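Source file: coords_33.cif. Holds: mmCIF, C-alpha atoms and all ligand atoms.
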```
data_data
#
loop_
_atom_site.label_atom_id
_atom_site.label_comp_id
_atom_site.auth_asym_id
_atom_site.auth_seq_id
_atom_site.Cartn_x
_atom_site.Cartn_y
_atom_site.Cartn_z
CA MET K 20 -80.34 -61.62 -0.38
CA ILE K 21 -77.23 -61.73 -2.58
CA ARG K 22 -75.15 -60.58 0.41
CA ARG K 23 -76.58 -63.35 2.55
CA ALA K 24 -75.83 -65.90 -0.18
CA ARG K 25 -72.28 -64.55 -0.40
CA ILE K 26 -71.76 -64.89 3.38
CA ARG K 27 -73.18 -68.41 3.35
CA LEU K 28 -71.01 -69.47 0.41
CA THR K 29 -67.91 -67.94 2.03
CA LEU K 30 -68.59 -69.78 5.29
CA PHE K 31 -69.26 -73.04 3.49
CA TYR K 32 -66.15 -73.00 1.28
CA SER K 33 -63.89 -71.57 4.01
CA THR K 34 -64.92 -74.36 6.40
CA ILE K 35 -64.25 -77.01 3.76
CA PHE K 36 -60.83 -75.60 2.80
CA LEU K 37 -59.76 -74.94 6.39
CA LEU K 38 -60.77 -78.46 7.47
CA LEU K 39 -58.84 -79.83 4.50
CA PHE K 40 -55.67 -77.87 5.25
CA TRP K 41 -55.87 -78.48 8.99
CA SER K 42 -56.32 -82.23 8.50
CA LEU K 43 -53.37 -82.17 6.11
CA SER K 44 -51.08 -80.41 8.61
CA PHE K 45 -52.27 -82.68 11.40
CA GLY K 46 -51.52 -85.66 9.15
CA ILE K 47 -48.00 -84.35 8.37
CA TYR K 48 -47.37 -83.73 12.07
CA ALA K 49 -48.66 -87.16 13.12
CA TRP K 50 -46.67 -88.90 10.40
CA MET K 51 -43.44 -87.09 11.30
CA ASN K 52 -44.05 -87.83 14.94
CA SER K 53 -44.39 -91.54 14.35
CA PHE K 54 -41.61 -91.55 11.75
CA LEU K 55 -39.11 -90.02 14.17
CA GLY K 56 -40.31 -92.39 16.91
CA ASP K 57 -37.51 -92.37 19.48
CA ARG K 58 -37.21 -88.75 20.67
CA SER K 59 -33.86 -89.33 22.35
CA LYS K 60 -32.09 -89.89 19.00
CA THR K 61 -31.01 -87.15 16.61
CA PHE K 62 -32.60 -86.63 13.21
CA PHE K 63 -29.32 -87.75 11.60
CA GLU K 64 -29.42 -91.14 13.29
CA ILE K 65 -32.83 -91.76 11.82
CA THR K 66 -32.60 -90.17 8.37
CA ASN K 67 -28.89 -90.05 7.59
CA SER K 68 -29.36 -86.38 6.69
CA GLN K 69 -26.24 -84.18 6.77
CA PHE K 70 -28.18 -81.03 7.46
CA TYR K 71 -30.01 -82.17 10.57
CA GLN K 72 -27.26 -84.31 11.94
CA GLU K 73 -26.86 -82.39 15.19
CA MET K 74 -30.52 -81.66 15.79
CA PRO K 75 -32.39 -83.79 18.32
CA SER K 76 -35.60 -85.16 16.81
CA ASP K 77 -37.88 -83.61 19.48
CA ILE K 78 -36.63 -80.15 18.41
CA VAL K 79 -37.39 -81.04 14.77
CA ILE K 80 -40.93 -82.00 15.82
CA ASP K 81 -41.32 -78.79 17.85
CA ASN K 82 -40.15 -76.67 14.92
CA LEU K 83 -42.46 -78.52 12.56
CA ARG K 84 -45.41 -77.92 14.92
CA THR K 85 -44.61 -74.20 15.13
CA ILE K 86 -44.37 -73.90 11.33
CA LEU K 87 -47.61 -75.81 10.77
CA LEU K 88 -49.43 -73.73 13.40
CA LEU K 89 -48.15 -70.54 11.76
CA ILE K 90 -49.30 -71.69 8.31
CA ASP K 91 -52.70 -72.73 9.70
CA THR K 92 -53.15 -69.34 11.42
CA ILE K 93 -52.32 -67.49 8.19
CA LEU K 94 -54.77 -69.73 6.31
CA LEU K 95 -57.46 -68.97 8.91
CA ILE K 96 -57.38 -65.35 7.74
CA ALA K 97 -56.36 -65.83 4.08
CA ILE K 98 -58.91 -68.49 3.06
CA PRO K 99 -62.06 -66.61 4.15
CA ALA K 100 -60.69 -63.41 2.55
CA ILE K 101 -59.93 -65.14 -0.79
CA THR K 102 -63.25 -67.02 -0.74
CA TRP K 103 -65.10 -63.74 -0.05
CA LEU K 104 -63.47 -62.15 -3.09
CA LEU K 105 -64.10 -65.15 -5.35
CA THR K 106 -67.76 -65.56 -4.35
CA GLY K 107 -68.20 -61.81 -4.91
CA ASN K 108 -66.91 -62.20 -8.45
CA ALA K 109 -69.03 -65.28 -9.08
CA LEU K 110 -72.21 -63.61 -7.78
CA ASN K 111 -71.70 -60.38 -9.73
CA PRO K 112 -73.64 -61.50 -12.83
CA VAL K 113 -76.43 -62.82 -10.59
CA GLN K 114 -76.64 -59.45 -8.87
CA LYS K 115 -76.74 -57.62 -12.21
CA ALA K 116 -79.45 -59.97 -13.54
CA ARG K 117 -81.46 -59.40 -10.37
CA LYS K 118 -81.23 -55.62 -10.74
CA ARG K 119 -82.35 -55.90 -14.38
CA GLU K 120 -85.24 -58.13 -13.34
CA GLN K 121 -86.35 -55.66 -10.65
CA GLN K 122 -86.15 -52.77 -13.12
CA PHE K 123 -88.14 -54.78 -15.64
CA LEU K 124 -90.82 -55.69 -13.08
CA SER K 125 -91.23 -52.11 -11.95
CA ASP K 126 -91.40 -50.84 -15.57
CA ALA K 127 -93.86 -53.57 -16.48
CA SER K 128 -96.19 -52.89 -13.55
CA HIS K 129 -96.03 -49.18 -14.32
CA GLU K 130 -97.05 -49.86 -17.93
CA LEU K 131 -99.88 -52.15 -16.82
CA ARG K 132 -101.25 -49.56 -14.44
CA THR K 133 -101.92 -46.92 -17.11
CA PRO K 134 -104.39 -48.82 -19.33
CA LEU K 135 -106.02 -50.38 -16.28
CA SER K 136 -106.73 -47.00 -14.73
CA ILE K 137 -108.12 -45.69 -18.06
CA LEU K 138 -110.36 -48.76 -18.23
CA ARG K 139 -111.59 -48.28 -14.68
CA ALA K 140 -112.25 -44.54 -15.18
CA GLU K 141 -114.28 -45.20 -18.36
CA MET K 142 -116.38 -47.83 -16.63
CA GLU K 143 -116.95 -45.71 -13.54
CA VAL K 144 -118.14 -42.78 -15.66
CA ALA K 145 -120.46 -45.08 -17.64
CA LEU K 146 -121.97 -46.52 -14.45
CA LYS K 147 -122.65 -43.16 -12.80
CA LYS K 148 -126.11 -42.84 -14.42
CA LYS K 149 -128.41 -44.67 -16.79
CA ARG K 150 -127.27 -44.34 -20.43
CA SER K 151 -128.58 -45.03 -23.89
CA PRO K 152 -127.59 -48.26 -25.71
CA ALA K 153 -125.46 -46.15 -28.10
CA GLU K 154 -123.51 -44.67 -25.18
CA TYR K 155 -122.96 -48.11 -23.64
CA GLN K 156 -121.76 -49.38 -26.99
CA LYS K 157 -119.26 -46.53 -27.22
CA VAL K 158 -117.85 -47.34 -23.77
CA ILE K 159 -117.66 -51.06 -24.53
CA GLN K 160 -115.92 -50.33 -27.84
CA SER K 161 -113.30 -48.12 -26.24
CA SER K 162 -112.85 -50.59 -23.34
CA LYS K 163 -112.29 -53.34 -25.89
CA GLU K 164 -109.55 -51.29 -27.51
CA GLU K 165 -107.85 -50.89 -24.14
CA VAL K 166 -108.19 -54.63 -23.50
CA ASP K 167 -106.67 -55.38 -26.94
CA ASP K 168 -103.70 -53.17 -26.10
CA LEU K 169 -103.41 -54.81 -22.71
CA SER K 170 -103.33 -58.28 -24.21
CA THR K 171 -100.59 -57.24 -26.66
CA LEU K 172 -98.64 -55.89 -23.70
CA VAL K 173 -99.17 -59.06 -21.68
CA GLU K 174 -98.11 -61.23 -24.65
CA ASN K 175 -94.96 -59.15 -25.05
CA LEU K 176 -94.21 -59.30 -21.33
CA LEU K 177 -94.75 -63.04 -21.36
CA TYR K 178 -92.30 -63.35 -24.24
CA LEU K 179 -89.72 -61.27 -22.40
CA SER K 180 -90.12 -63.30 -19.21
CA ARG K 181 -89.28 -66.45 -21.18
CA GLU K 182 -86.63 -64.85 -23.35
CA ASN K 183 -83.77 -66.86 -21.94
CA SER K 184 -85.44 -70.20 -22.31
CA LYS K 185 -84.24 -71.64 -25.62
CA HIS K 186 -86.21 -74.83 -24.94
CA SER K 187 -89.59 -73.11 -25.12
CA ASN K 188 -88.69 -71.53 -28.49
CA PRO K 189 -86.33 -73.81 -30.41
CA ILE K 190 -84.96 -72.35 -33.67
CA THR K 191 -85.26 -75.55 -35.64
CA GLU K 192 -88.09 -75.25 -38.15
CA GLN K 193 -87.69 -74.64 -41.92
CA ILE K 194 -89.60 -71.46 -42.61
CA ASP K 195 -90.52 -69.94 -45.94
CA LEU K 196 -90.39 -66.21 -45.24
CA THR K 197 -92.38 -65.29 -48.39
CA GLU K 198 -95.27 -67.40 -47.15
CA LEU K 199 -95.06 -66.10 -43.61
CA VAL K 200 -94.85 -62.41 -44.58
CA THR K 201 -97.71 -62.76 -47.11
CA GLU K 202 -99.88 -64.28 -44.39
CA ARG K 203 -98.97 -61.53 -41.87
CA ILE K 204 -99.73 -58.80 -44.43
CA ALA K 205 -103.15 -60.32 -45.11
CA ASN K 206 -103.79 -60.14 -41.37
CA PHE K 207 -102.98 -56.43 -41.25
CA GLN K 208 -104.95 -55.39 -44.36
CA HIS K 209 -108.05 -54.61 -42.32
CA LYS K 210 -106.15 -52.37 -39.90
CA ALA K 211 -104.46 -50.55 -42.80
CA ARG K 212 -107.76 -50.00 -44.60
CA GLN K 213 -109.28 -48.50 -41.44
CA LYS K 214 -106.54 -45.83 -41.57
CA LYS K 215 -106.87 -45.51 -45.36
CA LEU K 216 -103.30 -46.75 -45.84
CA GLN K 217 -102.08 -48.94 -48.65
CA LEU K 218 -100.28 -52.07 -47.53
CA ILE K 219 -98.28 -53.33 -50.49
CA LEU K 220 -96.18 -56.45 -50.89
CA GLN K 221 -93.84 -55.94 -53.83
CA PRO K 222 -93.59 -58.96 -56.14
CA SER K 223 -90.78 -60.90 -54.57
CA GLU K 224 -88.66 -63.97 -54.92
CA THR K 225 -90.03 -67.16 -53.53
CA ASN K 226 -88.14 -69.84 -51.67
CA LEU K 227 -86.65 -67.57 -49.03
CA VAL K 228 -86.22 -70.41 -46.58
CA ILE K 229 -84.52 -69.87 -43.25
CA GLN K 230 -84.12 -71.94 -40.12
CA GLY K 231 -86.21 -70.49 -37.33
CA ASN K 232 -89.17 -70.55 -35.02
CA LEU K 233 -92.57 -69.83 -36.58
CA HIS K 234 -94.12 -68.43 -33.41
CA LEU K 235 -91.25 -65.97 -32.87
CA LEU K 236 -91.08 -64.87 -36.50
CA LYS K 237 -94.83 -64.21 -36.51
CA ARG K 238 -94.35 -62.02 -33.44
CA LEU K 239 -91.48 -60.21 -35.18
CA TYR K 240 -93.51 -59.28 -38.28
CA THR K 241 -96.56 -58.46 -36.17
CA ASN K 242 -94.54 -55.96 -34.14
CA LEU K 243 -92.96 -54.36 -37.24
CA LEU K 244 -96.17 -54.09 -39.27
CA ASP K 245 -98.01 -52.81 -36.22
CA ASN K 246 -95.47 -49.98 -35.89
CA ALA K 247 -95.52 -49.15 -39.58
CA ILE K 248 -99.31 -48.75 -39.53
CA LYS K 249 -99.44 -47.08 -36.12
CA TYR K 250 -96.89 -44.38 -36.92
CA THR K 251 -98.19 -43.59 -40.42
CA SER K 252 -101.20 -41.35 -40.87
CA GLU K 253 -101.28 -41.22 -44.66
CA GLY K 254 -99.62 -42.90 -47.62
CA SER K 255 -98.46 -46.46 -47.78
CA ILE K 256 -96.45 -49.30 -46.27
CA THR K 257 -94.37 -51.26 -48.74
CA ILE K 258 -92.73 -54.59 -48.08
CA THR K 259 -89.93 -55.84 -50.30
CA MET K 260 -88.26 -59.24 -50.11
CA LYS K 261 -84.96 -60.05 -51.79
CA LYS K 262 -82.51 -62.88 -51.93
CA THR K 263 -78.80 -62.11 -51.79
CA LYS K 264 -76.10 -64.76 -52.04
CA GLU K 265 -76.28 -65.77 -48.40
CA HIS K 266 -79.22 -63.84 -46.99
CA ALA K 267 -82.92 -63.18 -47.17
CA GLN K 268 -83.52 -59.42 -47.03
CA ILE K 269 -86.89 -58.04 -45.99
CA ALA K 270 -87.58 -54.31 -45.83
CA ILE K 271 -90.67 -52.59 -44.44
CA THR K 272 -90.98 -48.98 -45.61
CA ASP K 273 -93.62 -46.56 -44.38
CA THR K 274 -94.45 -42.94 -45.16
CA GLY K 275 -95.05 -42.05 -41.52
CA ILE K 276 -93.80 -39.64 -38.87
CA GLY K 277 -90.18 -40.87 -39.01
CA ILE K 278 -87.64 -41.13 -36.19
CA PRO K 279 -85.10 -38.37 -35.36
CA GLU K 280 -81.56 -39.55 -36.06
CA GLU K 281 -80.32 -39.21 -32.49
CA LYS K 282 -83.14 -41.49 -31.27
CA GLN K 283 -82.73 -44.23 -33.85
CA GLU K 284 -80.38 -46.30 -31.71
CA LYS K 285 -82.55 -46.09 -28.62
CA ILE K 286 -85.77 -47.36 -30.20
CA PHE K 287 -84.58 -50.94 -29.66
CA ASP K 288 -84.31 -50.39 -25.88
CA ARG K 289 -87.01 -51.75 -23.61
CA PHE K 290 -89.80 -49.29 -22.76
CA TYR K 291 -88.28 -46.55 -24.96
CA ARG K 292 -90.67 -44.34 -26.94
CA THR K 293 -89.88 -41.17 -28.84
CA ASP K 294 -91.74 -38.00 -27.85
CA GLU K 295 -93.09 -37.78 -31.41
CA SER K 296 -94.94 -41.09 -30.98
CA ARG K 297 -96.66 -40.30 -27.65
CA SER K 298 -99.99 -39.56 -29.32
CA GLU K 299 -100.24 -43.28 -30.23
CA GLN K 300 -100.82 -46.13 -27.79
CA GLY K 301 -97.78 -48.22 -27.02
CA TYR K 302 -95.39 -49.48 -24.40
CA GLY K 303 -92.01 -49.37 -26.09
CA LEU K 304 -91.61 -53.15 -26.10
CA GLY K 305 -92.29 -54.15 -29.72
CA LEU K 306 -88.89 -53.30 -31.19
CA SER K 307 -86.82 -54.60 -28.28
CA ILE K 308 -88.58 -57.94 -28.72
CA ALA K 309 -88.13 -57.73 -32.50
CA LYS K 310 -84.39 -57.22 -32.07
CA GLN K 311 -84.08 -60.19 -29.72
CA ILE K 312 -85.98 -62.41 -32.16
CA VAL K 313 -83.73 -61.31 -35.03
CA GLN K 314 -80.65 -62.03 -32.93
CA VAL K 315 -81.71 -65.55 -31.96
CA HIS K 316 -82.15 -66.18 -35.70
CA HIS K 317 -78.57 -64.94 -36.31
CA GLY K 318 -79.91 -62.02 -38.34
CA THR K 319 -79.55 -58.25 -38.24
CA VAL K 320 -82.00 -55.37 -38.10
CA THR K 321 -81.27 -51.82 -39.25
CA VAL K 322 -83.30 -48.64 -39.36
CA GLU K 323 -83.26 -45.77 -41.82
CA SER K 324 -85.57 -42.89 -41.17
CA ARG K 325 -86.27 -39.22 -41.87
CA VAL K 326 -88.59 -37.15 -39.74
CA GLY K 327 -91.80 -36.41 -41.60
CA LYS K 328 -90.79 -38.62 -44.55
CA GLY K 329 -90.91 -42.19 -43.24
CA THR K 330 -89.03 -45.17 -41.93
CA THR K 331 -87.50 -48.30 -43.40
CA ILE K 332 -86.72 -51.27 -41.20
CA THR K 333 -84.48 -53.82 -42.93
CA LEU K 334 -83.99 -57.39 -41.77
CA LEU K 335 -81.30 -59.80 -42.94
CA PHE K 336 -81.44 -63.53 -42.19
CA PRO K 337 -78.98 -66.24 -43.23
CA LEU K 338 -80.61 -68.48 -45.84
CA MET K 339 -80.83 -72.23 -45.43
CA HIS K 340 -78.87 -74.14 -48.06
N1 LIG V 1 -92.27 -47.18 -38.16
C1 LIG V 1 -92.02 -46.27 -37.21
N2 LIG V 1 -92.16 -44.94 -37.48
C2 LIG V 1 -91.91 -44.01 -36.54
N3 LIG V 1 -91.50 -44.28 -35.29
C3 LIG V 1 -91.33 -45.58 -34.95
C4 LIG V 1 -91.59 -46.63 -35.89
N4 LIG V 1 -91.32 -47.82 -35.30
C5 LIG V 1 -90.94 -47.50 -34.04
N5 LIG V 1 -90.95 -46.18 -33.83
C6 LIG V 1 -90.55 -45.47 -32.59
O1 LIG V 1 -89.84 -46.38 -31.77
C7 LIG V 1 -90.50 -46.52 -30.50
C8 LIG V 1 -90.35 -47.92 -30.00
O2 LIG V 1 -91.13 -48.81 -30.78
P1 LIG V 1 -91.76 -50.09 -30.12
O3 LIG V 1 -92.46 -50.87 -31.17
O4 LIG V 1 -90.68 -50.75 -29.35
O5 LIG V 1 -92.77 -49.52 -29.04
P2 LIG V 1 -94.24 -48.97 -29.21
O6 LIG V 1 -94.73 -49.15 -30.61
O7 LIG V 1 -94.23 -47.57 -28.70
O8 LIG V 1 -95.06 -49.86 -28.20
P3 LIG V 1 -95.43 -51.42 -28.32
O9 LIG V 1 -94.84 -51.92 -29.60
O10 LIG V 1 -94.80 -52.04 -27.11
O11 LIG V 1 -96.90 -51.45 -28.30
C9 LIG V 1 -91.93 -46.09 -30.75
O12 LIG V 1 -92.52 -45.60 -29.57
C10 LIG V 1 -91.74 -44.98 -31.78
O13 LIG V 1 -91.36 -43.81 -31.13
MG MG V 2 -94.56 -51.11 -31.45
#
```

Spit out the file's structure as structure tokens when you get a sec.
Amino acid sequence: MIRRARIRLTLFYSTIFLLLFWSLSFGIYAWMNSFLGDRSKTFFEITNSQFYQEMPSDIVIDNLRTILLLIDTILLIAIPAITWLLTGNALNPVQKARKREQQFLSDASHELRTPLSILRAEMEVALKKKRSPAEYQKVIQSSKEEVDDLSTLVENLLYLSRENSKHSNPITEQIDLTELVTERIANFQHKARQKKLQLILQPSETNLVIQGNLHLLKRLYTNLLDNAIKYTSEGSITITMKKTKEHAQIAITDTGIGIPEEKQEKIFDRFYRTDESRSEQGYGLGLSIAKQIVQVHHGTVTVESRVGKGTTITLLFPLMH
């Protein structure tokens, strides 16, 4: 498709430029022709030029025609070649974006297939024979968990599909991070209690106001708290919030499985998961989305982690003055 667009653009621009240059040379030729008028006189008699004084004007016209024809023939080859090169350069980013999009679509459909096939298998097994209400309840419960995971995945995919549209997510609201994080933590208390984990918000400074988008920041903290709980089997998750001169600093520390040093850079890539985390459900999208959200808020995200000890994710956002 890109190749076809490139051919079409080359043809279009080449035709325009060639028509332009050809009309120009025809104009020059016609003008000279009428300017010299009487072919029997020499160029000197008409123009008073020293250089052409001996040259009859019809030879001047003939020479001019030959030169113009030569230039036009060179342009006939040069213009399409130059246009081909230029359109190639211009379409390069489009081609790259298209490749990324195709990769994303194939990764996304692959990720969607796994929970769907688990869901189907569970239902098929349940339907094979008559079962007790308790057995049905078990299947429904586990199907619901799959559906919950699927909806998180779909929400994340939806976010990524709109990632480039600044209009749908303007970064213009005044947001008190202390309020937002406290509310998110309250939302995750139930999940933490189910795993017998302590979810602690350290007493922190208030008035950590930044300019941002509430919907995106909620997604950011949801993804980070979800990871902290998911990859911790015992201990606690502690959230600290500080104010530096220019920034709001939020750190989420867990006592979980940790991330090997050589993998710490990759965890922000789309669809990346460490081998250590495979026993937990996930698609490898949460942190790549988190990083994008931090970046649109002009912030930074860093990770510190030790295998078997735990992980700290630190966020820095410029404060509003
Ligand atoms: N707090 C953490 N402790 C240990 N490993 C982590 C932690 N946070 C992230 N990781 C590692 O980084 C990987 C990428 O995280 P990310 O949140 O992007 O994906 P996910 O949790 O696997 O899936 P998703 O968030 O899309 O449901 C995880 O698979 C895990 O290996
Ligand atoms: Mg995650």

Please identify all polymer residues within 10 Å of Gly107 (chain K), counting all atoms listed in the file, omitting same-chain residues fewer than 6 positions from it, and present them as a count of residues only. 9

Please identify all protein, DNA and RNA residues within 7 Å of ligand MG 2 (chain V), counting only C-alpha atoms and all ligand atoms, and report them as a PDB file with C-alpha atoms, in the frame of the given file.
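File written: pocket-v6.pdb
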```pdb
ATOM      1  CA  ASN K 242     -94.540 -55.960 -34.140  1.00  0.00           C
ATOM      2  CA  LEU K 243     -92.960 -54.360 -37.240  1.00  0.00           C
ATOM      3  CA  ASP K 245     -98.010 -52.810 -36.220  1.00  0.00           C
ATOM      4  CA  ASN K 246     -95.470 -49.980 -35.890  1.00  0.00           C
ATOM      5  CA  GLY K 301     -97.780 -48.220 -27.020  1.00  0.00           C
ATOM      6  CA  GLY K 303     -92.010 -49.370 -26.090  1.00  0.00           C
ATOM      7  CA  LEU K 304     -91.610 -53.150 -26.100  1.00  0.00           C
ATOM      8  CA  GLY K 305     -92.290 -54.150 -29.720  1.00  0.00           C
ATOM      9  CA  LEU K 306     -88.890 -53.300 -31.190  1.00  0.00           C
TER      10      LEU K 306
END
```

Under the rule of at most 6 Å, produce a per-residue listing of chain K near ligand LIG 1 (chain V): chain, number, name, the closest pair of atoms, and the distance in Å, as JSON lines, using all atoms listed in the file.
```
{"residue": "K:Asn246", "atom": "CA", "partner": "V:LIG1", "partner_atom": "N4", "distance": 4.7}
{"residue": "K:Ala247", "atom": "CA", "partner": "V:LIG1", "partner_atom": "N1", "distance": 4.1}
{"residue": "K:Tyr250", "atom": "CA", "partner": "V:LIG1", "partner_atom": "N2", "distance": 4.8}
{"residue": "K:Gly275", "atom": "CA", "partner": "V:LIG1", "partner_atom": "N2", "distance": 5.7}
{"residue": "K:Ile276", "atom": "CA", "partner": "V:LIG1", "partner_atom": "C2", "distance": 5.3}
{"residue": "K:Gly277", "atom": "CA", "partner": "V:LIG1", "partner_atom": "C2", "distance": 4.4}
{"residue": "K:Ile278", "atom": "CA", "partner": "V:LIG1", "partner_atom": "N3", "distance": 5.1}
{"residue": "K:Ile286", "atom": "CA", "partner": "V:LIG1", "partner_atom": "O1", "distance": 4.5}
{"residue": "K:Tyr291", "atom": "CA", "partner": "V:LIG1", "partner_atom": "C8", "distance": 5.6}
{"residue": "K:Arg292", "atom": "CA", "partner": "V:LIG1", "partner_atom": "O12", "distance": 3.5}
{"residue": "K:Thr293", "atom": "CA", "partner": "V:LIG1", "partner_atom": "O13", "distance": 3.8}
{"residue": "K:Ser296", "atom": "CA", "partner": "V:LIG1", "partner_atom": "O13", "distance": 4.5}
{"residue": "K:Gly301", "atom": "CA", "partner": "V:LIG1", "partner_atom": "O8", "distance": 3.4}
{"residue": "K:Tyr302", "atom": "CA", "partner": "V:LIG1", "partner_atom": "O10", "distance": 3.8}
{"residue": "K:Gly303", "atom": "CA", "partner": "V:LIG1", "partner_atom": "O5", "distance": 3.1}
{"residue": "K:Leu304", "atom": "CA", "partner": "V:LIG1", "partner_atom": "O10", "distance": 3.5}
{"residue": "K:Gly305", "atom": "CA", "partner": "V:LIG1", "partner_atom": "O9", "distance": 3.4}
{"residue": "K:Leu306", "atom": "CA", "partner": "V:LIG1", "partner_atom": "O4", "distance": 3.6}
{"residue": "K:Ser307", "atom": "CA", "partner": "V:LIG1", "partner_atom": "O4", "distance": 5.6}
{"residue": "K:Thr330", "atom": "CA", "partner": "V:LIG1", "partner_atom": "N1", "distance": 5.4}
```

Each residue of region 232-282 of chain K lying at most 10 Å from region 195-207 of chain K should get a row with its shortest atom-to-atom pair and the distance in Å to one decimal, counting all atoms listed in the file; could you produce that, ordered by chain and increasing number, as a tab-separated table?
```
residue	atom	partner	partner_atom	distance
K:Leu233	CA	K:Leu199	CA	8.3
K:Leu236	CA	K:Leu199	CA	8.2
K:Lys237	CA	K:Arg203	CA	7.3
K:Arg238	CA	K:Arg203	CA	9.6
K:Tyr240	CA	K:Arg203	CA	6.9
K:Thr241	CA	K:Arg203	CA	6.9
K:Leu244	CA	K:Phe207	CA	7.5
K:Asp245	CA	K:Phe207	CA	7.9
K:Ile248	CA	K:Phe207	CA	8.7
K:Ile258	CA	K:Val200	CA	8.8
K:Thr259	CA	K:Thr197	CA	9.9
K:Met260	CA	K:Thr197	CA	7.5
K:Lys261	CA	K:Thr197	CA	9.7
K:Ala267	CA	K:Leu196	CA	8.3
K:Gln268	CA	K:Leu196	CA	9.8
K:Ile269	CA	K:Leu196	CA	8.9
```

Excluding region 311-316 of chain K and its own-chain neighbours fewer than 5 positions away, which residues fall within 7 Å of it when counting only C-alpha atoms? Please give them as a ChimeraX atom specification. /K:231,235,239

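The smallest atom-to-atom distance between Phe54 (chain K) and any of K:Leu89, K:Leu131, K:Leu30, K:Ile80, using all atoms listed in the file, is found for K:Ile80.
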
Let me make sure I understand: among K:Asp288, K:Glu120, K:Glu192, K:Glu165, which one has the smallest atom-to-atom distance to Arg132 (chain K) if we use all atoms listed in the file? K:Glu165

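Near region 160-162 of chain K, within a cut-off of 10 Å and counting all atoms listed in the file, sit the residues Pro134, Leu135, Ile137, Leu138, Arg139, Glu141, Met142, Glu154, Tyr155, Gln156, Lys157, Glu165, Val166, Asp167 and Asp168 of chain K, with same-chain residues fewer than 3 positions away left out.
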
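The space separating CA of Asp294 (chain K) from CA of Val322 (chain K) comes to 17.8 Å.
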
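The spacing separating CA of Ile47 (chain K) from CA of Leu104 (chain K) amounts to 29.4 Å.
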
Would you save region 149-160 of chain K to a file, keeping N, CA and C atoms, as an mmCIF file, in the first residue's frame?
```
data_model
loop_
_atom_site.group_PDB
_atom_site.id
_atom_site.type_symbol
_atom_site.label_atom_id
_atom_site.label_comp_id
_atom_site.auth_asym_id
_atom_site.auth_seq_id
_atom_site.Cartn_x
_atom_site.Cartn_y
_atom_site.Cartn_z
ATOM 1 N N LYS K 149 -24.287 -32.752 33.873
ATOM 2 C CA LYS K 149 -24.991 -31.989 34.912
ATOM 3 C C LYS K 149 -24.098 -31.854 36.149
ATOM 4 N N ARG K 150 -24.088 -30.648 36.765
ATOM 5 C CA ARG K 150 -23.199 -30.445 37.914
ATOM 6 C C ARG K 150 -23.963 -29.847 39.099
ATOM 7 N N SER K 151 -23.320 -29.918 40.243
ATOM 8 C CA SER K 151 -23.968 -29.371 41.447
ATOM 9 C C SER K 151 -23.864 -27.845 41.425
ATOM 10 N N PRO K 152 -24.786 -27.165 42.167
ATOM 11 C CA PRO K 152 -24.712 -25.688 42.210
ATOM 12 C C PRO K 152 -23.329 -25.200 42.631
ATOM 13 N N ALA K 153 -22.675 -25.915 43.551
ATOM 14 C CA ALA K 153 -21.343 -25.481 44.023
ATOM 15 C C ALA K 153 -20.334 -25.521 42.880
ATOM 16 N N GLU K 154 -20.442 -26.564 42.046
ATOM 17 C CA GLU K 154 -19.502 -26.678 40.916
ATOM 18 C C GLU K 154 -19.735 -25.559 39.896
ATOM 19 N N TYR K 155 -21.053 -25.294 39.650
ATOM 20 C CA TYR K 155 -21.364 -24.193 38.708
ATOM 21 C C TYR K 155 -20.808 -22.872 39.236
ATOM 22 N N GLN K 156 -20.979 -22.695 40.555
ATOM 23 C CA GLN K 156 -20.509 -21.436 41.155
ATOM 24 C C GLN K 156 -18.998 -21.273 40.974
ATOM 25 N N LYS K 157 -18.292 -22.398 41.114
ATOM 26 C CA LYS K 157 -16.830 -22.370 40.971
ATOM 27 C C LYS K 157 -16.442 -21.943 39.545
ATOM 28 N N VAL K 158 -17.168 -22.532 38.566
ATOM 29 C CA VAL K 158 -16.851 -22.199 37.164
ATOM 30 C C VAL K 158 -17.167 -20.729 36.881
ATOM 31 N N ILE K 159 -18.331 -20.289 37.407
ATOM 32 C CA ILE K 159 -18.713 -18.885 37.158
ATOM 33 C C ILE K 159 -17.691 -17.941 37.792
ATOM 34 N N GLN K 160 -17.263 -18.295 39.017
ATOM 35 C CA GLN K 160 -16.272 -17.460 39.718
ATOM 36 C C GLN K 160 -14.984 -17.359 38.905
#
```
